[in-house]
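Trainee: File follows, my_file-v1.txt with compact mmCIF, C-alpha atoms and all ligand atoms:
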```txt
# COMPACT_ATOMS: atom_id res chain seq x y z
CA MET Y 1 -70.90 -54.60 121.02
CA ILE Y 2 -72.92 -51.46 121.68
CA SER Y 3 -71.96 -49.38 124.72
CA LYS Y 4 -73.08 -50.51 128.20
CA ARG Y 5 -74.66 -47.10 128.72
CA LEU Y 6 -76.86 -47.47 125.63
CA ARG Y 7 -77.58 -51.13 126.34
CA GLY Y 8 -78.95 -50.12 129.75
CA SER Y 9 -81.33 -47.59 128.29
CA LEU Y 10 -82.45 -49.93 125.49
CA ASP Y 11 -83.24 -52.67 127.99
CA SER Y 12 -85.28 -50.39 130.21
CA SER Y 13 -87.24 -48.59 127.51
CA ILE Y 14 -90.78 -49.62 126.65
CA CYS Y 15 -90.66 -49.40 122.91
CA ILE Y 16 -93.88 -47.89 121.64
CA ARG Y 17 -92.72 -48.42 118.07
CA ASP Y 18 -92.67 -52.16 118.80
CA ILE Y 19 -96.31 -52.03 119.88
CA PHE Y 20 -97.10 -50.09 116.70
CA GLU Y 21 -95.35 -52.73 114.57
CA GLU Y 22 -97.25 -55.46 116.41
CA GLY Y 23 -100.43 -53.62 115.41
CA LYS Y 24 -99.37 -53.81 111.78
CA LYS Y 25 -98.85 -57.58 112.10
CA MET Y 26 -102.27 -57.92 113.73
CA ALA Y 27 -103.76 -55.94 110.83
CA ALA Y 28 -102.29 -58.45 108.38
CA ILE Y 29 -103.98 -61.30 110.28
CA TYR Y 30 -107.35 -59.78 111.26
CA GLY Y 31 -107.72 -57.07 108.57
CA SER Y 32 -106.70 -53.47 109.09
CA GLU Y 33 -110.33 -52.38 109.51
CA ASN Y 34 -110.51 -54.51 112.68
CA ILE Y 35 -107.40 -53.10 114.40
CA PHE Y 36 -107.46 -49.86 116.39
CA ASN Y 37 -103.87 -48.71 116.53
CA PHE Y 38 -103.56 -45.67 118.82
CA THR Y 39 -99.86 -46.08 119.58
CA ILE Y 40 -97.69 -43.54 117.81
CA GLY Y 41 -97.84 -39.83 117.06
CA ASN Y 42 -97.38 -39.89 113.30
CA PRO Y 43 -99.54 -37.11 111.77
CA SER Y 44 -102.61 -38.35 109.89
CA VAL Y 45 -103.77 -35.08 108.29
CA GLU Y 46 -102.31 -34.18 104.87
CA PRO Y 47 -99.70 -31.40 104.78
CA PRO Y 48 -101.09 -28.10 103.43
CA ALA Y 49 -100.81 -27.93 99.60
CA ALA Y 50 -98.64 -24.82 100.00
CA VAL Y 51 -95.79 -26.96 101.37
CA ASN Y 52 -95.38 -29.09 98.22
CA GLU Y 53 -95.93 -26.09 95.96
CA ALA Y 54 -93.22 -24.10 97.76
CA MET Y 55 -90.72 -26.97 97.51
CA LYS Y 56 -91.42 -27.47 93.79
CA GLU Y 57 -91.04 -23.77 93.09
CA ILE Y 58 -87.74 -23.61 94.99
CA LEU Y 59 -86.39 -26.65 93.14
CA ASP Y 60 -87.45 -25.14 89.80
CA THR Y 61 -86.08 -21.67 90.39
CA GLU Y 62 -83.05 -21.75 92.70
CA LYS Y 63 -79.52 -22.51 91.56
CA PRO Y 64 -78.87 -26.15 92.60
CA LEU Y 65 -75.35 -25.65 93.92
CA ALA Y 66 -76.45 -22.82 96.18
CA LEU Y 67 -79.63 -24.58 97.27
CA HIS Y 68 -78.04 -27.94 98.05
CA GLY Y 69 -74.71 -26.65 99.36
CA TYR Y 70 -73.82 -26.20 103.03
CA PRO Y 71 -75.65 -23.22 104.51
CA ALA Y 72 -74.31 -21.60 107.72
CA ASN Y 73 -74.65 -24.00 110.69
CA VAL Y 74 -77.37 -21.81 112.16
CA GLY Y 75 -79.32 -21.54 108.89
CA HIS Y 76 -79.99 -19.24 105.94
CA PRO Y 77 -79.95 -15.58 107.12
CA GLU Y 78 -83.07 -14.62 105.13
CA VAL Y 79 -85.01 -17.54 106.67
CA ARG Y 80 -83.93 -16.65 110.20
CA ARG Y 81 -84.88 -13.01 109.58
CA HIS Y 82 -88.25 -14.07 108.17
CA ILE Y 83 -89.01 -16.23 111.23
CA ALA Y 84 -87.92 -13.46 113.64
CA ASN Y 85 -90.23 -10.96 111.90
CA TYR Y 86 -93.07 -13.45 111.87
CA LEU Y 87 -92.74 -14.20 115.61
CA ASN Y 88 -92.45 -10.50 116.48
CA GLY Y 89 -95.66 -9.75 114.59
CA LYS Y 90 -97.56 -12.73 115.93
CA TYR Y 91 -96.49 -12.77 119.60
CA ASP Y 92 -95.27 -9.21 120.13
CA CYS Y 93 -91.66 -10.30 120.79
CA HIS Y 94 -88.23 -8.86 120.04
CA TYR Y 95 -86.36 -11.54 118.12
CA THR Y 96 -83.61 -10.72 115.63
CA GLU Y 97 -82.06 -12.89 112.93
CA GLN Y 98 -79.20 -13.71 115.33
CA GLY Y 99 -81.54 -15.25 117.92
CA ILE Y 100 -83.05 -17.81 115.51
CA ILE Y 101 -81.15 -21.06 114.96
CA MET Y 102 -82.56 -23.46 112.40
CA THR Y 103 -82.54 -27.11 113.54
CA SER Y 104 -83.48 -30.59 112.35
CA GLY Y 105 -86.77 -30.54 114.25
CA ALA Y 106 -87.41 -30.17 117.99
CA ALA Y 107 -85.41 -33.29 118.87
CA ALA Y 108 -82.18 -31.82 117.51
CA ALA Y 109 -82.98 -28.45 119.07
CA ILE Y 110 -83.32 -29.93 122.56
CA VAL Y 111 -80.15 -31.99 122.21
CA VAL Y 112 -78.25 -28.92 120.97
CA ILE Y 113 -79.51 -26.91 123.96
CA ALA Y 114 -78.61 -29.72 126.37
CA ASN Y 115 -75.14 -30.00 124.85
CA SER Y 116 -74.68 -26.25 125.25
CA LEU Y 117 -75.80 -26.08 128.89
CA LEU Y 118 -75.04 -29.33 130.68
CA ASP Y 119 -71.92 -30.47 132.46
CA ASN Y 120 -71.67 -33.93 133.95
CA GLY Y 121 -74.33 -34.38 136.66
CA ASP Y 122 -76.27 -31.18 135.86
CA GLU Y 123 -80.02 -31.49 136.10
CA VAL Y 124 -82.98 -30.78 133.86
CA VAL Y 125 -86.43 -30.64 135.41
CA THR Y 126 -89.47 -31.56 133.35
CA PHE Y 127 -93.15 -31.90 134.13
CA ALA Y 128 -94.36 -35.48 134.16
CA PRO Y 129 -95.97 -37.22 132.38
CA TYR Y 130 -93.47 -36.27 129.67
CA PHE Y 131 -92.39 -37.28 126.17
CA TRP Y 132 -90.24 -40.36 126.85
CA GLU Y 133 -87.39 -39.29 124.54
CA TYR Y 134 -86.58 -36.41 126.92
CA LYS Y 135 -84.65 -38.82 129.11
CA SER Y 136 -82.39 -39.87 126.23
CA TYR Y 137 -81.98 -36.29 124.98
CA VAL Y 138 -80.71 -35.24 128.41
CA GLU Y 139 -79.00 -38.35 129.74
CA THR Y 140 -77.06 -39.25 126.58
CA LEU Y 141 -75.22 -36.03 127.32
CA TYR Y 142 -74.55 -37.02 130.94
CA GLY Y 143 -77.20 -34.75 132.41
CA LYS Y 144 -79.94 -36.02 134.70
CA LEU Y 145 -83.65 -35.67 133.99
CA VAL Y 146 -85.67 -34.90 137.13
CA PRO Y 147 -89.45 -35.31 136.79
CA ALA Y 148 -91.92 -33.07 138.62
CA LEU Y 149 -95.23 -34.91 138.63
CA CYS Y 150 -98.23 -32.84 137.54
CA ASN Y 151 -101.44 -32.77 139.53
CA MET Y 152 -103.01 -35.93 138.10
CA GLU Y 153 -106.56 -34.59 138.61
CA THR Y 154 -105.90 -31.68 136.26
CA LEU Y 155 -102.68 -32.69 134.41
CA GLN Y 156 -101.35 -29.18 135.18
CA PRO Y 157 -97.93 -28.50 136.80
CA ASP Y 158 -98.00 -28.81 140.56
CA PRO Y 159 -96.18 -26.16 142.65
CA GLU Y 160 -95.06 -28.58 145.38
CA THR Y 161 -93.52 -31.27 143.17
CA PHE Y 162 -92.00 -28.58 140.96
CA GLU Y 163 -90.29 -26.71 143.77
CA ALA Y 164 -89.06 -29.99 145.26
CA ALA Y 165 -87.52 -31.04 141.92
CA LEU Y 166 -85.43 -27.86 141.56
CA SER Y 167 -81.92 -27.77 142.99
CA PRO Y 168 -78.73 -25.74 142.60
CA LYS Y 169 -77.81 -28.26 139.89
CA THR Y 170 -80.85 -27.36 137.74
CA ARG Y 171 -79.65 -25.80 134.49
CA PHE Y 172 -82.96 -25.72 132.67
CA VAL Y 173 -86.60 -26.64 132.93
CA LEU Y 174 -88.13 -28.36 129.92
CA ILE Y 175 -91.81 -27.58 129.48
CA ASN Y 176 -94.11 -28.91 126.76
CA THR Y 177 -97.52 -27.41 126.10
CA PRO Y 178 -99.72 -28.58 124.38
CA ASN Y 179 -98.42 -31.73 125.97
CA ASN Y 180 -97.37 -35.12 124.73
CA PRO Y 181 -98.62 -37.50 126.19
CA THR Y 182 -101.53 -35.86 128.02
CA GLY Y 183 -102.97 -33.41 125.47
CA ALA Y 184 -103.11 -30.79 128.27
CA VAL Y 185 -102.55 -27.12 127.48
CA TYR Y 186 -100.97 -25.51 130.53
CA THR Y 187 -103.08 -22.59 131.69
CA GLU Y 188 -101.82 -19.05 132.15
CA GLU Y 189 -102.20 -19.60 135.89
CA SER Y 190 -99.89 -22.64 135.70
CA ILE Y 191 -97.35 -20.70 133.65
CA ARG Y 192 -97.35 -17.83 136.16
CA MET Y 193 -96.88 -20.30 139.00
CA VAL Y 194 -93.94 -21.99 137.22
CA THR Y 195 -92.23 -18.73 136.25
CA ASP Y 196 -92.74 -17.15 139.69
CA ILE Y 197 -91.03 -20.14 141.30
CA LEU Y 198 -88.22 -19.98 138.73
CA LYS Y 199 -87.62 -16.26 139.37
CA LYS Y 200 -87.39 -16.95 143.09
CA LYS Y 201 -85.02 -19.92 142.62
CA GLN Y 202 -82.74 -18.04 140.22
CA GLU Y 203 -82.28 -15.41 142.94
CA GLU Y 204 -81.69 -18.02 145.59
CA TYR Y 205 -79.13 -20.03 143.57
CA GLY Y 206 -77.44 -16.99 142.01
CA HIS Y 207 -77.41 -18.40 138.49
CA PRO Y 208 -79.84 -18.54 135.59
CA ILE Y 209 -82.32 -21.37 135.21
CA TYR Y 210 -83.46 -21.41 131.60
CA LEU Y 211 -87.01 -22.30 130.66
CA VAL Y 212 -86.94 -24.34 127.47
CA SER Y 213 -90.39 -24.36 125.89
CA ASP Y 214 -90.77 -27.34 123.55
CA GLU Y 215 -93.65 -26.39 121.25
CA PRO Y 216 -94.17 -28.84 118.38
CA TYR Y 217 -97.92 -28.84 119.09
CA ARG Y 218 -98.46 -25.07 119.45
CA LYS Y 219 -100.63 -24.98 116.30
CA LEU Y 220 -102.65 -27.99 117.45
CA ALA Y 221 -104.73 -26.27 120.12
CA TYR Y 222 -108.50 -26.46 119.98
CA ASP Y 223 -110.35 -23.24 120.82
CA ILE Y 224 -107.82 -22.29 123.46
CA GLU Y 225 -104.91 -19.84 123.72
CA VAL Y 226 -101.47 -21.30 124.40
CA PRO Y 227 -99.54 -18.70 126.44
CA TYR Y 228 -96.29 -17.53 124.78
CA LEU Y 229 -93.71 -17.99 127.51
CA THR Y 230 -91.30 -15.14 126.75
CA HIS Y 231 -94.00 -12.82 128.14
CA TYR Y 232 -93.69 -14.43 131.57
CA TYR Y 233 -89.99 -15.18 131.92
CA GLU Y 234 -86.96 -13.51 130.36
CA ASN Y 235 -84.71 -16.58 130.33
CA THR Y 236 -87.02 -18.46 127.96
CA ILE Y 237 -85.66 -20.43 125.01
CA VAL Y 238 -88.37 -21.49 122.55
CA VAL Y 239 -88.08 -24.72 120.57
CA TYR Y 240 -90.39 -25.00 117.59
CA SER Y 241 -90.91 -27.75 115.04
CA TYR Y 242 -92.93 -28.05 111.84
CA SER Y 243 -93.23 -31.85 112.22
CA LYS Y 244 -96.81 -31.72 113.48
CA ALA Y 245 -97.94 -28.25 112.36
CA LEU Y 246 -97.25 -29.14 108.71
CA SER Y 247 -97.34 -32.97 108.99
CA ILE Y 248 -93.73 -33.28 107.76
CA PRO Y 249 -91.84 -35.08 110.57
CA GLY Y 250 -89.71 -36.91 108.00
CA GLU Y 251 -88.37 -33.62 106.65
CA ARG Y 252 -86.76 -32.54 109.96
CA ILE Y 253 -87.23 -28.81 110.28
CA GLY Y 254 -87.63 -26.52 113.28
CA TYR Y 255 -85.78 -23.80 115.16
CA ILE Y 256 -84.54 -22.45 118.47
CA ALA Y 257 -85.63 -18.85 119.25
CA MET Y 258 -84.04 -16.61 121.88
CA GLU Y 259 -84.57 -12.93 122.62
CA SER Y 260 -81.44 -10.92 123.44
CA CYS Y 261 -82.63 -10.47 127.06
CA VAL Y 262 -81.78 -14.15 127.71
CA GLN Y 263 -78.82 -14.26 130.08
CA ASP Y 264 -75.49 -15.09 128.36
CA TYR Y 265 -77.23 -14.76 124.99
CA GLU Y 266 -74.05 -14.41 122.90
CA ASP Y 267 -72.35 -17.33 124.65
CA LEU Y 268 -75.41 -19.50 124.20
CA ILE Y 269 -75.55 -18.76 120.47
CA ALA Y 270 -71.84 -19.62 120.14
CA GLY Y 271 -72.39 -22.85 122.10
CA MET Y 272 -75.42 -23.86 120.07
CA THR Y 273 -73.68 -23.08 116.77
CA ALA Y 274 -70.75 -25.32 117.74
CA SER Y 275 -73.14 -28.01 119.07
CA MET Y 276 -74.85 -28.19 115.66
CA ARG Y 277 -71.50 -29.31 114.26
CA TYR Y 278 -70.21 -31.41 117.16
CA LEU Y 279 -73.40 -33.44 117.40
CA GLY Y 280 -73.31 -34.12 113.68
CA TYR Y 281 -76.44 -32.21 112.64
CA VAL Y 282 -74.23 -29.64 110.87
CA ASN Y 283 -77.26 -27.67 109.67
CA ALA Y 284 -81.01 -28.01 109.18
CA PRO Y 285 -82.03 -29.19 105.66
CA SER Y 286 -81.60 -26.34 103.23
CA LEU Y 287 -84.68 -26.97 101.06
CA GLN Y 288 -86.94 -27.16 104.11
CA GLN Y 289 -85.52 -23.93 105.48
CA LYS Y 290 -86.31 -22.15 102.22
CA MET Y 291 -89.80 -23.65 102.15
CA LEU Y 292 -90.50 -21.71 105.35
CA LEU Y 293 -90.09 -18.42 103.48
CA LYS Y 294 -93.51 -19.26 102.02
CA CYS Y 295 -95.08 -21.42 104.76
CA VAL Y 296 -93.94 -19.95 108.07
CA ASP Y 297 -97.49 -19.62 109.41
CA ALA Y 298 -99.13 -22.48 107.50
CA SER Y 299 -100.89 -25.27 109.36
CA VAL Y 300 -102.66 -28.52 108.70
CA ASP Y 301 -106.45 -28.53 109.00
CA ILE Y 302 -106.69 -29.04 112.76
CA SER Y 303 -110.50 -29.40 112.67
CA ILE Y 304 -109.87 -33.00 111.51
CA TYR Y 305 -107.97 -33.85 114.71
CA GLN Y 306 -110.52 -31.94 116.75
CA GLU Y 307 -113.38 -34.02 115.33
CA THR Y 308 -111.57 -37.27 116.24
CA ARG Y 309 -110.77 -35.92 119.70
CA ASP Y 310 -114.46 -35.10 120.26
CA ILE Y 311 -115.65 -38.52 119.10
CA LEU Y 312 -113.26 -40.38 121.42
CA TYR Y 313 -113.51 -38.10 124.43
CA HIS Y 314 -117.32 -38.14 124.47
CA ALA Y 315 -117.63 -41.87 123.78
CA LEU Y 316 -114.99 -42.93 126.33
CA THR Y 317 -116.28 -40.75 129.15
CA GLU Y 318 -119.84 -41.88 128.43
CA ILE Y 319 -118.72 -45.52 128.73
CA GLY Y 320 -117.26 -44.68 132.15
CA TYR Y 321 -113.54 -44.18 131.49
CA THR Y 322 -111.69 -41.38 133.28
CA CYS Y 323 -109.83 -38.91 131.10
CA ILE Y 324 -109.16 -35.20 131.39
CA HIS Y 325 -110.45 -33.17 128.45
CA PRO Y 326 -107.45 -32.80 126.08
CA ASP Y 327 -107.22 -29.28 124.65
CA GLY Y 328 -104.32 -29.78 122.28
CA ALA Y 329 -101.90 -32.06 120.41
CA PHE Y 330 -103.45 -35.37 119.29
CA TYR Y 331 -103.25 -37.34 122.51
CA LEU Y 332 -105.77 -38.33 125.10
CA PHE Y 333 -104.59 -39.63 128.49
CA LEU Y 334 -106.84 -42.33 129.84
CA LYS Y 335 -106.82 -43.85 133.32
CA ALA Y 336 -106.07 -47.57 133.08
CA LEU Y 337 -108.72 -49.85 134.55
CA GLU Y 338 -106.12 -51.66 136.65
CA GLU Y 339 -103.04 -50.43 138.49
CA ASP Y 340 -100.58 -51.95 136.02
CA ASP Y 341 -100.97 -49.91 132.83
CA THR Y 342 -98.83 -52.36 130.81
CA LYS Y 343 -101.16 -55.24 131.74
CA PHE Y 344 -104.13 -53.03 130.87
CA CYS Y 345 -102.62 -52.42 127.41
CA GLU Y 346 -102.12 -56.17 126.99
CA ARG Y 347 -105.76 -56.78 127.85
CA ALA Y 348 -106.84 -54.05 125.42
CA LYS Y 349 -105.05 -55.95 122.66
CA GLU Y 350 -107.57 -58.77 123.11
CA GLU Y 351 -110.12 -56.24 121.81
CA LYS Y 352 -107.66 -55.23 119.05
CA ILE Y 353 -106.99 -51.85 120.69
CA LEU Y 354 -103.33 -50.79 120.81
CA MET Y 355 -102.29 -47.99 123.16
CA ALA Y 356 -99.04 -46.81 124.79
CA PRO Y 357 -98.62 -47.55 128.52
CA GLY Y 358 -98.30 -44.44 130.71
CA THR Y 359 -95.25 -45.90 132.47
CA ALA Y 360 -93.28 -45.07 129.31
CA PHE Y 361 -94.07 -41.39 129.98
CA TYR Y 362 -93.59 -41.40 133.75
CA GLY Y 363 -97.37 -41.54 134.10
CA PRO Y 364 -98.00 -45.02 135.57
CA GLY Y 365 -101.61 -46.10 135.92
CA TRP Y 366 -102.56 -44.25 132.72
CA VAL Y 367 -102.33 -44.92 129.00
CA ARG Y 368 -101.83 -42.66 125.99
CA VAL Y 369 -104.32 -42.83 123.14
CA SER Y 370 -102.83 -41.20 120.01
CA TYR Y 371 -105.85 -40.13 118.06
CA CYS Y 372 -104.00 -39.19 114.87
CA VAL Y 373 -106.15 -41.74 113.07
CA PRO Y 374 -109.07 -41.24 110.66
CA ALA Y 375 -112.35 -40.30 112.43
CA ASP Y 376 -114.03 -43.51 111.24
CA VAL Y 377 -111.36 -45.62 112.99
CA ALA Y 378 -112.13 -43.73 116.20
CA LYS Y 379 -115.88 -44.32 115.72
CA ARG Y 380 -115.45 -48.01 115.00
CA SER Y 381 -113.21 -48.46 118.05
CA VAL Y 382 -115.95 -47.42 120.48
CA PRO Y 383 -117.66 -50.86 120.81
CA ALA Y 384 -114.21 -52.42 121.44
CA PHE Y 385 -113.52 -49.88 124.23
CA LYS Y 386 -116.96 -50.69 125.67
CA LYS Y 387 -116.23 -54.43 125.65
CA LEU Y 388 -112.90 -53.80 127.38
CA TYR Y 389 -114.60 -51.66 130.02
CA ASP Y 390 -117.29 -54.27 130.65
CA LYS Y 391 -114.68 -56.99 131.18
CA TYR Y 392 -113.36 -55.00 134.15
CA GLN Y 393 -116.81 -54.65 135.72
CA LYS Y 394 -117.15 -58.43 136.26
N1 LIG C 401 -91.06 -32.96 121.68
C1 LIG C 401 -92.25 -33.57 121.78
C2 LIG C 401 -93.11 -33.26 122.94
C3 LIG C 401 -92.67 -34.49 120.82
O1 LIG C 401 -93.85 -35.09 120.94
C4 LIG C 401 -91.82 -34.76 119.71
C5 LIG C 401 -92.20 -35.74 118.70
O2 LIG C 401 -93.16 -36.43 118.76
C6 LIG C 401 -90.59 -34.09 119.65
C7 LIG C 401 -90.24 -33.20 120.64
C8 LIG C 401 -89.65 -34.31 118.53
O3 LIG C 401 -90.22 -33.75 117.38
P1 LIG C 401 -89.40 -33.45 116.05
O4 LIG C 401 -89.99 -34.30 114.99
O5 LIG C 401 -89.64 -32.00 115.79
O6 LIG C 401 -87.98 -33.72 116.31
```
Go ahead and express the file in the form of structure tokens.
Mentor:
Amino acid sequence: MISKRLRGSLDSSICIRDIFEEGKKMAAIYGSENIFNFTIGNPSVEPPAAVNEAMKEILDTEKPLALHGYPANVGHPEVRRHIANYLNGKYDCHYTEQGIIMTSGAAAAIVVIANSLLDNGDEVVTFAPYFWEYKSYVETLYGKLVPALCNMETLQPDPETFEAALSPKTRFVLINTPNNPTGAVYTEESIRMVTDILKKKQEEYGHPIYLVSDEPYRKLAYDIEVPYLTHYYENTIVVYSYSKALSIPGERIGYIAMESCVQDYEDLIAGMTASMRYLGYVNAPSLQQKMLLKCVDASVDISIYQETRDILYHALTEIGYTCIHPDGAFYLFLKALEEDDTKFCERAKEEKILMAPGTAFYGPGWVRVSYCVPADVAKRSVPAFKKLYDKYQK
């Protein structure tokens, strides 16, 4: 008896978790060493030791009632202050405690923002391919997600599709760099193009268009700078998550950050504070918030992901596959060897390779390879990728 609205979206979704679970069943039959499961984005590098140490110390030293009680909906003041100071030092920004709202990861942050900004029928533009959950985050709240397809030669935002996607109904643009599913880091040139168009459109429409920067992979960038968007556009709202940076997605911790120059700043904070309650998040986990007092800038050892990225990228391109060099996150976007990416994924399963079809990310004709797997799994998968490639040459 679930709602018709939800039933519709369940029926149409390609469930990547199901493919992942199928991989686990295949592992039980053929042996886990013979299955190459590149489906989901669950971190594979251990959290930094500092994370566990901080949690233990907090549990040993803080008064339990205060630690485990309800904090303010927006988070502990000292944590918000600490994050504001950290961001100001690192990115030369002007955050204050008030502009930091602690959330249960990036997912909750985006839903809270959508709930604060969208009325029925309002639109959110995002660059495709995009993280498939964006559609549910926006459309569960009666908004409409409008994709602007990237240039598929470069996987960078495209000015023509972007401008065409914007309309007077656009309330915010959701941007994600480093990107899931493509692994692309949007260049400074792309960011300037996007923000120049937004400035022009804000003028034309006579109302703000917020730029919501979803950044769970900011720390996972390999030898490349990821532009900090507040420097390019005043109406930027940053969404950050520690799920990938610290390998703790099960702990649910992140934040929304806004500088006071953001239009309707006070109203937005009031709306987001209420949304935390109305949507049932209430507040971000208290222990995890406090952990950040000691780990705000910590990161997993990203050289481990980088090594796996290098192994796969070099091997796959040498075999003859097309993929654009991924500079961040732990995803590689690969061109399918036939038009139907779902059929291509099915055929890959014959070689015991499991990948996510690009159609799930509004990137048909491509597939996502999640390389958050041990480097030896990546190495051992290469002959299977070669066999798959050769099958298509006949
Ligand atoms: N945004 C993107 C692009 C993601 O890839 C993910 C998770 O994979 C999320 C948001 C949600 O992350 P969180 O665990 O912080 O809610």
Trainee: Kindly assemble as a tab-separated table a list of the chain Y residues that lie within 6 Å of ligand LIG 401 (chain C), each paired with its nearest atom pair and their distance in Å to one decimal, using only C-alpha atoms and all ligand atoms, sorted first by chain and then by ascending residue number.
Mentor:
```
residue	atom	partner	partner_atom	distance
Y:Gly105	CA	C:LIG401	O5	3.6
Y:Ala106	CA	C:LIG401	O5	3.6
Y:Ala107	CA	C:LIG401	O6	3.7
Y:Phe131	CA	C:LIG401	C2	5.2
Y:Asn176	CA	C:LIG401	C2	5.9
Y:Asn180	CA	C:LIG401	C2	5.0
Y:Asp214	CA	C:LIG401	N1	5.9
Y:Ser241	CA	C:LIG401	O5	4.5
Y:Ser243	CA	C:LIG401	O4	4.9
Y:Pro249	CA	C:LIG401	O4	4.9
```
Trainee: Please tell me which residues are no farther than 9 Å from (-114.0, -43.5, 128.9) in the file, counting only C-alpha atoms, and write them as a ChimeraX atom specification.
Mentor: /Y:312-323,334-335,385-386,389
Trainee: My list of candidates is Y:Ala165, Y:Cys15, Y:Ile100, Y:Val146. Which is closest to Val79 in chain Y when distances are computed with only C-alpha atoms?
Mentor: Y:Ile100
Trainee: Find the spatial neighbours of Glu266 in chain Y, counting all atoms listed in the file, within a cut-off of 10 Å - ignore same-chain residues fewer than 6 positions away - and output them as an mmCIF file with C-alpha atoms, keeping the file's coordinate frame.
Mentor:
```
data_model
loop_
_atom_site.group_PDB
_atom_site.id
_atom_site.type_symbol
_atom_site.label_atom_id
_atom_site.label_comp_id
_atom_site.auth_asym_id
_atom_site.auth_seq_id
_atom_site.Cartn_x
_atom_site.Cartn_y
_atom_site.Cartn_z
ATOM 1 C CA GLN Y 98 -79.200 -13.710 115.330
ATOM 2 C CA GLY Y 99 -81.540 -15.250 117.920
ATOM 3 C CA SER Y 260 -81.440 -10.920 123.440
ATOM 4 C CA MET Y 272 -75.420 -23.860 120.070
#
```
Trainee: How would you write as a list in words the residues that get within 7 Å of (-81.7, -25.8, 107.4) in the file's frame, counting all atoms listed in the file?
Mentor: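 So the residues meeting the distance criterion are Gly75, His76, Met102, Thr103, Ile253, Asn283, Ala284, Pro285, Ser286, Gln288 and Gln289 of chain Y.
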Trainee: Counting all atoms listed in the file, which residue out of Y:Ser116, Y:Ser44, Y:Asn73, Y:Ser370 sits closest to Gly271 in chain Y?
Mentor: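 The closest residue to Gly271 in chain Y is Y:Ser116.
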Trainee: Could you pull the residues within 7 Å of Tyr95 in chain Y, counting only C-alpha atoms, minus those fewer than 6 positions along the same chain, as a tab-separated table (two decimals) with C-alpha atoms, in the frame of the given file?
Mentor:
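Contents of selection-v2.tsv, freshly written:
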```tsv
chain	number	residue	atom	x	y	z
Y	84	ALA	CA	-87.92	-13.46	113.64
Y	88	ASN	CA	-92.45	-10.50	116.48
Y	258	MET	CA	-84.04	-16.61	121.88
Y	259	GLU	CA	-84.57	-12.93	122.62
```
